[in-house]
$ cat entry-v2.cif   # mmCIF, C-alpha atoms; chains and numbers go by the auth columns
data_work
loop_
_atom_site.group_PDB
_atom_site.id
_atom_site.type_symbol
_atom_site.label_atom_id
_atom_site.label_comp_id
_atom_site.label_asym_id
_atom_site.label_seq_id
_atom_site.Cartn_x
_atom_site.Cartn_y
_atom_site.Cartn_z
_atom_site.B_iso_or_equiv
_atom_site.auth_seq_id
_atom_site.auth_asym_id
ATOM 1 C CA MET A 1 88.037 99.034 119.756 0.00 6 A
ATOM 2 C CA SER A 2 87.878 95.456 120.997 0.00 7 A
ATOM 3 C CA THR A 3 89.532 93.905 117.924 0.00 8 A
ATOM 4 C CA PRO A 4 93.174 94.909 117.483 0.00 9 A
ATOM 5 C CA ILE A 5 94.063 96.629 114.217 0.00 10 A
ATOM 6 C CA SER A 6 97.507 94.987 114.059 0.00 11 A
ATOM 7 C CA ARG A 7 99.449 92.179 115.640 0.00 12 A
ATOM 8 C CA PHE A 8 102.201 94.747 116.273 0.00 13 A
ATOM 9 C CA PRO A 9 102.046 97.755 118.612 0.00 14 A
ATOM 10 C CA VAL A 10 100.262 100.823 117.237 0.00 15 A
ATOM 11 C CA PRO A 11 101.479 104.242 118.411 0.00 16 A
ATOM 12 C CA GLU A 12 99.206 106.940 119.751 0.00 17 A
ATOM 13 C CA ILE A 13 98.710 109.841 117.351 0.00 18 A
ATOM 14 C CA GLY A 14 100.057 112.291 119.936 0.00 19 A
ATOM 15 C CA ASP A 15 103.325 110.346 120.126 0.00 20 A
ATOM 16 C CA LEU A 16 104.057 110.471 116.392 0.00 21 A
ATOM 17 C CA PRO A 17 106.774 112.606 114.790 0.00 22 A
ATOM 18 C CA GLU A 18 105.280 115.952 113.830 0.00 23 A
ATOM 19 C CA ASP A 19 105.280 115.393 110.056 0.00 24 A
ATOM 20 C CA ILE A 20 103.546 112.025 110.402 0.00 25 A
ATOM 21 C CA LYS A 21 101.080 113.396 112.928 0.00 26 A
ATOM 22 C CA GLU A 22 100.170 116.154 110.442 0.00 27 A
ATOM 23 C CA THR A 23 99.650 113.567 107.684 0.00 28 A
ATOM 24 C CA VAL A 24 97.458 111.383 109.900 0.00 29 A
ATOM 25 C CA LEU A 25 95.374 114.308 111.134 0.00 30 A
ATOM 26 C CA ALA A 26 94.945 115.636 107.582 0.00 31 A
ATOM 27 C CA MET A 27 93.643 112.233 106.493 0.00 32 A
ATOM 28 C CA GLN A 28 91.302 112.163 109.476 0.00 33 A
ATOM 29 C CA GLU A 29 89.997 115.604 108.516 0.00 34 A
ATOM 30 C CA LYS A 30 89.512 114.552 104.878 0.00 35 A
ATOM 31 C CA SER A 31 87.837 111.187 105.488 0.00 36 A
ATOM 32 C CA GLY A 32 86.308 111.557 108.940 0.00 37 A
ATOM 33 C CA PHE A 33 88.417 108.721 110.393 0.00 38 A
ATOM 34 C CA VAL A 34 92.021 107.522 110.459 0.00 39 A
ATOM 35 C CA PRO A 35 92.551 104.580 108.107 0.00 40 A
ATOM 36 C CA ASN A 36 94.284 101.852 110.079 0.00 41 A
ATOM 37 C CA VAL A 37 97.134 101.634 107.566 0.00 42 A
ATOM 38 C CA PHE A 38 98.340 105.030 108.795 0.00 43 A
ATOM 39 C CA LEU A 39 98.498 103.871 112.395 0.00 44 A
ATOM 40 C CA VAL A 40 100.028 100.471 111.653 0.00 45 A
ATOM 41 C CA LEU A 41 102.779 101.894 109.437 0.00 46 A
ATOM 42 C CA ALA A 42 103.458 104.811 111.799 0.00 47 A
ATOM 43 C CA GLN A 43 105.183 102.401 114.171 0.00 48 A
ATOM 44 C CA ARG A 44 108.186 102.730 111.827 0.00 49 A
ATOM 45 C CA PRO A 45 108.377 106.399 110.790 0.00 50 A
ATOM 46 C CA ASP A 46 110.965 106.029 108.011 0.00 51 A
ATOM 47 C CA GLU A 47 108.982 103.210 106.391 0.00 52 A
ATOM 48 C CA PHE A 48 105.764 105.252 106.753 0.00 53 A
ATOM 49 C CA ARG A 49 107.347 108.176 104.913 0.00 54 A
ATOM 50 C CA GLY A 50 108.762 105.992 102.133 0.00 55 A
ATOM 51 C CA PHE A 51 105.515 104.066 101.706 0.00 56 A
ATOM 52 C CA PHE A 52 103.312 107.126 101.389 0.00 57 A
ATOM 53 C CA THR A 53 105.767 108.965 99.140 0.00 58 A
ATOM 54 C CA LEU A 54 105.665 106.096 96.660 0.00 59 A
ATOM 55 C CA TYR A 55 101.907 105.639 97.141 0.00 60 A
ATOM 56 C CA ASP A 56 101.284 109.290 96.231 0.00 61 A
ATOM 57 C CA ALA A 57 103.648 109.105 93.237 0.00 62 A
ATOM 58 C CA LEU A 58 101.770 106.111 91.825 0.00 63 A
ATOM 59 C CA MET A 59 98.173 106.696 92.857 0.00 64 A
ATOM 60 C CA GLU A 60 97.659 110.457 93.015 0.00 65 A
ATOM 61 C CA LYS A 61 99.409 111.702 89.897 0.00 66 A
ATOM 62 C CA ASP A 62 97.489 113.258 87.053 0.00 67 A
ATOM 63 C CA GLY A 63 97.429 111.871 83.560 0.00 68 A
ATOM 64 C CA GLY A 64 97.657 108.424 82.115 0.00 69 A
ATOM 65 C CA LEU A 65 95.475 105.848 83.805 0.00 70 A
ATOM 66 C CA SER A 66 92.313 107.140 85.419 0.00 71 A
ATOM 67 C CA LYS A 67 92.229 107.121 89.194 0.00 72 A
ATOM 68 C CA ALA A 68 89.412 104.557 89.004 0.00 73 A
ATOM 69 C CA ASP A 69 91.591 102.307 86.809 0.00 74 A
ATOM 70 C CA ARG A 70 94.421 102.598 89.340 0.00 75 A
ATOM 71 C CA GLU A 71 92.066 101.527 92.117 0.00 76 A
ATOM 72 C CA MET A 72 90.733 98.688 89.970 0.00 77 A
ATOM 73 C CA ILE A 73 94.274 97.321 89.661 0.00 78 A
ATOM 74 C CA VAL A 74 94.659 97.455 93.432 0.00 79 A
ATOM 75 C CA VAL A 75 91.348 95.708 94.122 0.00 80 A
ATOM 76 C CA ALA A 76 91.899 92.900 91.593 0.00 81 A
ATOM 77 C CA THR A 77 95.485 92.116 92.604 0.00 82 A
ATOM 78 C CA SER A 78 94.787 92.538 96.325 0.00 83 A
ATOM 79 C CA ALA A 79 91.889 90.090 96.084 0.00 84 A
ATOM 80 C CA ASP A 80 94.179 87.631 94.319 0.00 85 A
ATOM 81 C CA ASN A 81 96.759 88.119 97.086 0.00 86 A
ATOM 82 C CA GLY A 82 94.152 87.588 99.809 0.00 87 A
ATOM 83 C CA CYS A 83 94.573 91.063 101.308 0.00 88 A
ATOM 84 C CA GLN A 84 91.354 91.909 103.125 0.00 89 A
ATOM 85 C CA TYR A 85 92.576 95.373 104.149 0.00 90 A
ATOM 86 C CA CYS A 86 93.413 96.535 100.629 0.00 91 A
ATOM 87 C CA VAL A 87 90.286 95.019 99.075 0.00 92 A
ATOM 88 C CA ALA A 88 88.080 96.772 101.646 0.00 93 A
ATOM 89 C CA ALA A 89 89.919 100.113 101.615 0.00 94 A
ATOM 90 C CA HIS A 90 90.554 100.371 97.891 0.00 95 A
ATOM 91 C CA GLY A 91 87.198 98.839 97.069 0.00 96 A
ATOM 92 C CA ALA A 92 85.669 101.809 98.874 0.00 97 A
ATOM 93 C CA ILE A 93 87.831 104.224 96.893 0.00 98 A
ATOM 94 C CA LEU A 94 86.990 102.411 93.639 0.00 99 A
ATOM 95 C CA ARG A 95 83.266 102.689 94.352 0.00 100 A
ATOM 96 C CA ILE A 96 83.696 106.425 94.861 0.00 101 A
ATOM 97 C CA ARG A 97 86.036 107.100 91.934 0.00 102 A
ATOM 98 C CA SER A 98 84.072 104.968 89.476 0.00 103 A
ATOM 99 C CA LYS A 99 80.724 106.217 90.778 0.00 104 A
ATOM 100 C CA ASN A 100 79.635 102.576 90.625 0.00 105 A
ATOM 101 C CA PRO A 101 78.685 100.849 93.891 0.00 106 A
ATOM 102 C CA LEU A 102 78.857 97.354 92.343 0.00 107 A
ATOM 103 C CA LEU A 103 82.130 97.518 90.474 0.00 108 A
ATOM 104 C CA ALA A 104 84.539 96.952 93.356 0.00 109 A
ATOM 105 C CA ASP A 105 82.715 93.847 94.531 0.00 110 A
ATOM 106 C CA GLN A 106 82.611 92.447 90.995 0.00 111 A
ATOM 107 C CA VAL A 107 86.327 93.091 90.482 0.00 112 A
ATOM 108 C CA ALA A 108 87.244 91.635 93.871 0.00 113 A
ATOM 109 C CA VAL A 109 85.324 88.424 93.250 0.00 114 A
ATOM 110 C CA ASN A 110 86.259 87.842 89.593 0.00 115 A
ATOM 111 C CA TYR A 111 87.278 90.725 87.353 0.00 116 A
ATOM 112 C CA ARG A 112 86.804 88.517 84.285 0.00 117 A
ATOM 113 C CA LYS A 113 83.050 88.514 84.973 0.00 118 A
ATOM 114 C CA ALA A 114 82.862 92.167 86.054 0.00 119 A
ATOM 115 C CA ASP A 115 81.092 94.848 84.054 0.00 120 A
ATOM 116 C CA ILE A 116 84.313 96.321 82.667 0.00 121 A
ATOM 117 C CA THR A 117 85.583 97.151 79.199 0.00 122 A
ATOM 118 C CA PRO A 118 87.884 94.905 77.138 0.00 123 A
ATOM 119 C CA ARG A 119 90.585 97.551 77.709 0.00 124 A
ATOM 120 C CA GLN A 120 90.196 97.237 81.485 0.00 125 A
ATOM 121 C CA THR A 121 90.223 93.448 81.225 0.00 126 A
ATOM 122 C CA ALA A 122 93.530 93.612 79.318 0.00 127 A
ATOM 123 C CA MET A 123 94.886 95.976 81.984 0.00 128 A
ATOM 124 C CA LEU A 124 93.926 93.594 84.787 0.00 129 A
ATOM 125 C CA ASP A 125 95.185 90.526 82.894 0.00 130 A
ATOM 126 C CA PHE A 126 98.576 92.231 82.678 0.00 131 A
ATOM 127 C CA ALA A 127 98.447 93.293 86.340 0.00 132 A
ATOM 128 C CA MET A 128 97.814 89.673 87.319 0.00 133 A
ATOM 129 C CA LYS A 129 100.764 88.579 85.232 0.00 134 A
ATOM 130 C CA VAL A 130 102.987 91.138 86.945 0.00 135 A
ATOM 131 C CA SER A 131 101.674 89.961 90.319 0.00 136 A
ATOM 132 C CA ASN A 132 101.899 86.213 89.753 0.00 137 A
ATOM 133 C CA ASP A 133 104.314 85.516 86.917 0.00 138 A
ATOM 134 C CA SER A 134 106.501 88.549 86.291 0.00 139 A
ATOM 135 C CA LYS A 135 109.365 86.469 84.952 0.00 140 A
ATOM 136 C CA SER A 136 107.275 85.665 81.869 0.00 141 A
ATOM 137 C CA ILE A 137 106.472 89.269 80.903 0.00 142 A
ATOM 138 C CA CYS A 138 107.386 89.685 77.248 0.00 143 A
ATOM 139 C CA ASP A 139 107.048 92.047 74.314 0.00 144 A
ATOM 140 C CA ALA A 140 103.765 90.402 73.295 0.00 145 A
ATOM 141 C CA ASP A 141 102.211 91.654 76.555 0.00 146 A
ATOM 142 C CA PHE A 142 103.165 95.208 75.616 0.00 147 A
ATOM 143 C CA GLU A 143 101.792 94.783 72.099 0.00 148 A
ATOM 144 C CA THR A 144 98.487 93.519 73.503 0.00 149 A
ATOM 145 C CA LEU A 145 98.213 96.528 75.795 0.00 150 A
ATOM 146 C CA ARG A 146 99.233 98.956 73.050 0.00 151 A
ATOM 147 C CA GLY A 147 96.471 97.411 70.937 0.00 152 A
ATOM 148 C CA HIS A 148 94.033 98.544 73.636 0.00 153 A
ATOM 149 C CA GLY A 149 95.415 102.079 73.504 0.00 154 A
ATOM 150 C CA PHE A 150 97.797 101.996 76.461 0.00 155 A
ATOM 151 C CA SER A 151 100.971 104.048 76.223 0.00 156 A
ATOM 152 C CA ASP A 152 104.294 102.714 77.483 0.00 157 A
ATOM 153 C CA GLU A 153 103.995 105.057 80.479 0.00 158 A
ATOM 154 C CA GLU A 154 100.571 103.651 81.304 0.00 159 A
ATOM 155 C CA ILE A 155 101.899 100.100 80.968 0.00 160 A
ATOM 156 C CA ARG A 156 104.686 100.962 83.358 0.00 161 A
ATOM 157 C CA ASP A 157 102.115 102.433 85.756 0.00 162 A
ATOM 158 C CA ILE A 158 100.077 99.220 85.656 0.00 163 A
ATOM 159 C CA GLY A 159 103.187 97.253 86.558 0.00 164 A
ATOM 160 C CA SER A 160 104.426 99.693 89.183 0.00 165 A
ATOM 161 C CA ILE A 161 101.055 99.909 90.942 0.00 166 A
ATOM 162 C CA THR A 162 100.812 96.120 90.939 0.00 167 A
ATOM 163 C CA ALA A 163 104.326 95.722 92.327 0.00 168 A
ATOM 164 C CA PHE A 164 103.805 98.357 95.003 0.00 169 A
ATOM 165 C CA PHE A 165 100.583 96.763 96.169 0.00 170 A
ATOM 166 C CA GLY A 166 102.283 93.370 96.227 0.00 171 A
ATOM 167 C CA LEU A 167 104.406 94.925 98.979 0.00 172 A
ATOM 168 C CA SER A 168 101.392 96.570 100.583 0.00 173 A
ATOM 169 C CA ASN A 169 99.364 93.336 100.539 0.00 174 A
ATOM 170 C CA ARG A 170 102.166 91.437 102.181 0.00 175 A
ATOM 171 C CA LEU A 171 102.655 94.094 104.870 0.00 176 A
ATOM 172 C CA ALA A 172 98.925 94.143 105.582 0.00 177 A
ATOM 173 C CA ASN A 173 98.832 90.357 105.852 0.00 178 A
ATOM 174 C CA LEU A 174 102.014 90.267 107.976 0.00 179 A
ATOM 175 C CA THR A 175 100.628 92.790 110.434 0.00 180 A
ATOM 176 C CA ALA A 176 97.071 91.355 110.374 0.00 181 A
ATOM 177 C CA MET A 177 95.917 94.874 109.507 0.00 182 A
ATOM 178 C CA ARG A 178 92.212 95.156 110.170 0.00 183 A
ATOM 179 C CA PRO A 179 90.126 97.199 107.729 0.00 184 A
ATOM 180 C CA ASN A 180 88.250 100.106 109.260 0.00 185 A
ATOM 181 C CA ASP A 181 84.523 99.410 109.507 0.00 186 A
ATOM 182 C CA GLU A 182 83.878 102.696 107.667 0.00 187 A
ATOM 183 C CA PHE A 183 85.289 101.293 104.431 0.00 188 A
ATOM 184 C CA TYR A 184 82.474 98.785 104.017 0.00 189 A
ATOM 185 C CA SER A 185 79.756 101.382 103.638 0.00 190 A
ATOM 186 C CA MET A 186 81.631 104.034 101.659 0.00 191 A
ATOM 187 C CA GLY A 187 80.405 104.692 98.127 0.00 192 A
ATOM 188 C CA ARG A 188 77.363 102.437 98.368 0.00 193 A
#
$ encode --input "entry-v2.cif" --output "structure tokens"
Amino acid sequence: MSTPISRFPVPEIGDLPEDIKETVLAMQEKSGFVPNVFLVLAQRPDEFRGFFTLYDALMEKDGGLSKADREMIVVATSADNGCQYCVAAHGAILRIRSKNPLLADQVAVNYRKADITPRQTAMLDFAMKVSNDSKSICDADFETLRGHGFSDEEIRDIGSITAFFGLSNRLANLTAMRPNDEFYSMGR
């Protein structure tokens, strides 16, 4: 590849610790390519393990928010944070999970004009507040979300996903992580 995927060194898959190599190869088998985030984070094995443990706990669990709603949170907040990698990667996942090829682009550009439900708008309004103004979170925010049918666990998930991807967005921007070309055509 002529364009680097990171401004930091990226290890070769064969040089990775065995557990990380297995994770990377399993992802390659599942998706047909290795998402660049795996290679960029693999430079620091302990951080790779911690990152993906928390990612799986937040994004892959059953119950509560739908997996499409989780991805919608990531796309909206990542767009607001200017994270090209996460918008491209999670936009692809959102297109697949929502079975809607337009939704991710609408949410990335302006979720307030996207074809989403009032419940999803409330979810994303709260995610933006967590992302940009967390010190002003108050009981009224919880009451608004409860009025849209969110449980306290789901509200916590909205906040936790937003906070985690605040970290992820900043790491991607710090490293100049390049989105894989494959993401742009997935789910279209």
$ resolve_selection --input "entry-v2.cif" --expression "the PyMOL selection byres ((chain A and resi 153) around 12)" --output "PyMOL selection string"
chain A and resi 122-128+131+146-152+154-157+159-160
$ write_last_selection --input "entry-v2.cif" --atoms "C-alpha atoms" --output "PDB file, in the frame of the given file"
ATOM      1  CA  THR A 122      85.583  97.151  79.199  1.00  0.00           C
ATOM      2  CA  PRO A 123      87.884  94.905  77.138  1.00  0.00           C
ATOM      3  CA  ARG A 124      90.585  97.551  77.709  1.00  0.00           C
ATOM      4  CA  GLN A 125      90.196  97.237  81.485  1.00  0.00           C
ATOM      5  CA  THR A 126      90.223  93.448  81.225  1.00  0.00           C
ATOM      6  CA  ALA A 127      93.530  93.612  79.318  1.00  0.00           C
ATOM      7  CA  MET A 128      94.886  95.976  81.984  1.00  0.00           C
ATOM      8  CA  PHE A 131      98.576  92.231  82.678  1.00  0.00           C
ATOM      9  CA  ASP A 146     102.211  91.654  76.555  1.00  0.00           C
ATOM     10  CA  PHE A 147     103.165  95.208  75.616  1.00  0.00           C
ATOM     11  CA  GLU A 148     101.792  94.783  72.099  1.00  0.00           C
ATOM     12  CA  THR A 149      98.487  93.519  73.503  1.00  0.00           C
ATOM     13  CA  LEU A 150      98.213  96.528  75.795  1.00  0.00           C
ATOM     14  CA  ARG A 151      99.233  98.956  73.050  1.00  0.00           C
ATOM     15  CA  GLY A 152      96.471  97.411  70.937  1.00  0.00           C
ATOM     16  CA  GLY A 154      95.415 102.079  73.504  1.00  0.00           C
ATOM     17  CA  PHE A 155      97.797 101.996  76.461  1.00  0.00           C
ATOM     18  CA  SER A 156     100.971 104.048  76.223  1.00  0.00           C
ATOM     19  CA  ASP A 157     104.294 102.714  77.483  1.00  0.00           C
ATOM     20  CA  GLU A 159     100.571 103.651  81.304  1.00  0.00           C
ATOM     21  CA  ILE A 160     101.899 100.100  80.968  1.00  0.00           C
TER      22      ILE A 160
END
$ atom_distance --input "entry-v2.cif" --atom1 "CA of Met182 (chain A)" --atom2 "CA of Leu129 (chain A)"
24.8 Å
$ closest_residue --input "entry-v2.cif" --among "A:Pro22, A:Gly96, A:Gly87, A:Gly192" --to "Leu176 (chain A)" --atoms "all atoms listed in the file"
A:Gly87
$ closest_residue --input "entry-v2.cif" --among "A:Asn41, A:Ser190, A:Asn185, A:Gln48" --to "Ile101 (chain A)" --atoms "all atoms listed in the file"
A:Ser190
$ closest_residue --input "entry-v2.cif" --among "A:Asn174, A:Phe38, A:Asp162, A:Leu179" --to "Asp67 (chain A)" --atoms "all atoms listed in the file"
A:Asp162
$ atom_distance --input "entry-v2.cif" --atom1 "CA of Pro50 (chain A)" --atom2 "CA of Asp24 (chain A)"
9.5 Å
$ atom_distance --input "entry-v2.cif" --atom1 "CA of Gly69 (chain A)" --atom2 "CA of Lys134 (chain A)"
20.3 Å
$ closest_residue --input "entry-v2.cif" --among "A:Asp120, A:Glu65, A:Asp110, A:Asp186" --to "Ala84 (chain A)" --atoms "all atoms listed in the file"
A:Asp110
$ closest_residue --input "entry-v2.cif" --among "A:Pro106, A:Pro9, A:Gly164, A:Pro16" --to "Leu63 (chain A)" --atoms "only C-alpha atoms"
A:Gly164
$ resolve_selection --input "entry-v2.cif" --expression "the PyMOL selection byres ((chain A and resi 113) around 9)" --output "PyMOL selection string"
chain A and resi 77+80-85+92+96+108-112+114-116+119
$ decode --input "entry-v2.cif" --residues "region 80-114 of chain A" --atoms "C-alpha atoms" --output "tab-separated table (two decimals), in the first residue's frame"
chain	number	residue	atom	x	y	z
A	80	VAL	CA	-21.01	7.18	13.64
A	81	ALA	CA	-22.68	10.34	14.97
A	82	THR	CA	-20.13	11.06	17.70
A	83	SER	CA	-17.16	10.07	15.52
A	84	ALA	CA	-18.34	12.46	12.80
A	85	ASP	CA	-18.61	15.21	15.40
A	86	ASN	CA	-15.08	14.38	16.58
A	87	GLY	CA	-13.72	14.43	13.03
A	88	CYS	CA	-12.63	10.78	13.07
A	89	GLN	CA	-12.51	9.60	9.47
A	90	TYR	CA	-11.49	6.05	10.43
A	91	CYS	CA	-14.41	5.45	12.79
A	92	VAL	CA	-16.97	7.10	10.51
A	93	ALA	CA	-15.86	4.93	7.58
A	94	ALA	CA	-15.49	1.68	9.53
A	95	HIS	CA	-18.57	1.99	11.72
A	96	GLY	CA	-20.58	3.54	8.92
A	97	ALA	CA	-20.00	0.30	7.03
A	98	ILE	CA	-21.12	-1.74	10.03
A	99	LEU	CA	-24.17	0.52	10.50
A	100	ARG	CA	-25.18	0.04	6.87
A	101	ILE	CA	-25.00	-3.72	7.37
A	102	ARG	CA	-26.68	-3.89	10.78
A	103	SER	CA	-29.46	-1.47	9.88
A	104	LYS	CA	-29.91	-2.98	6.42
A	105	ASN	CA	-30.07	0.62	5.19
A	106	PRO	CA	-27.36	1.82	2.79
A	107	LEU	CA	-28.24	5.51	3.30
A	108	LEU	CA	-28.50	5.70	7.06
A	109	ALA	CA	-24.81	5.89	7.94
A	110	ASP	CA	-24.18	8.74	5.53
A	111	GLN	CA	-27.20	10.65	6.83
A	112	VAL	CA	-26.12	10.18	10.45
A	113	ALA	CA	-22.52	11.14	9.70
A	114	VAL	CA	-23.52	14.36	7.96
